[in-house]
Amino acid sequence: MKFTTIALLFLAFVVATIQAVMAETNAERLARGLPPRAPRKLYRDIPTRSDTADRHKPSGKPSLCSTGPVECCEEVTKASSKEAKVILELLGLFLPPETVVGLTCSSLLFGNSCFGSQAVCCDKSELGGIIAIGCAPVKL
């Protein structure tokens, strides 16, 4: 009987000591020079709806041109210029004279340079790049 009493007292002492240590805050531990305890998990390890949701993928580099690909045009001028008027009349297109057009255009080749041509962003390209309509210069 004495052994059982001593064992129960020892067990009660151990439980009380463990509870006292567990009640200790991280501030108290740091004050004693001990590292802080890991945070307690207050939830179960069941994935939530936000954990299983599809994540967005990066869209890549932003385009310099919102209307299409960047083009390299040999000449960028207004629709009222002599060269542009001839091509527009041959195509049967009638544009306001202040419309900016690109002549002899090709798609951007070899990275981000036009090699002597002017980089532009155009609304519409006609006949495989002979003329591009509604152009705006782009800095590469």
# chains A, B, ... in the order shown; residues from 1 in each chain; ligands from 1
$ residues_around --residues "range 93-102 of chain A" --least-positions-apart "2" --cutoff "7 Å" --atoms "only C-alpha atoms" --output "ChimeraX atom specification"
/A:73,75-80,88-89,91,104-105,131-135
$ closest_residue --among "A:Pro69, A:Gly92, A:Pro39, A:Pro137" --to "Val120 in chain A" --atoms "only C-alpha atoms"
A:Pro137
$ closest_residue --among "A:Ser113, A:Ser81, A:Ser106, A:Thr17" --to "Ile130 in chain A" --atoms "only C-alpha atoms"
A:Ser106
$ atom_distance --atom1 "CA of Leu140 in chain A" --atom2 "CA of Glu83 in chain A"
26.3 Å
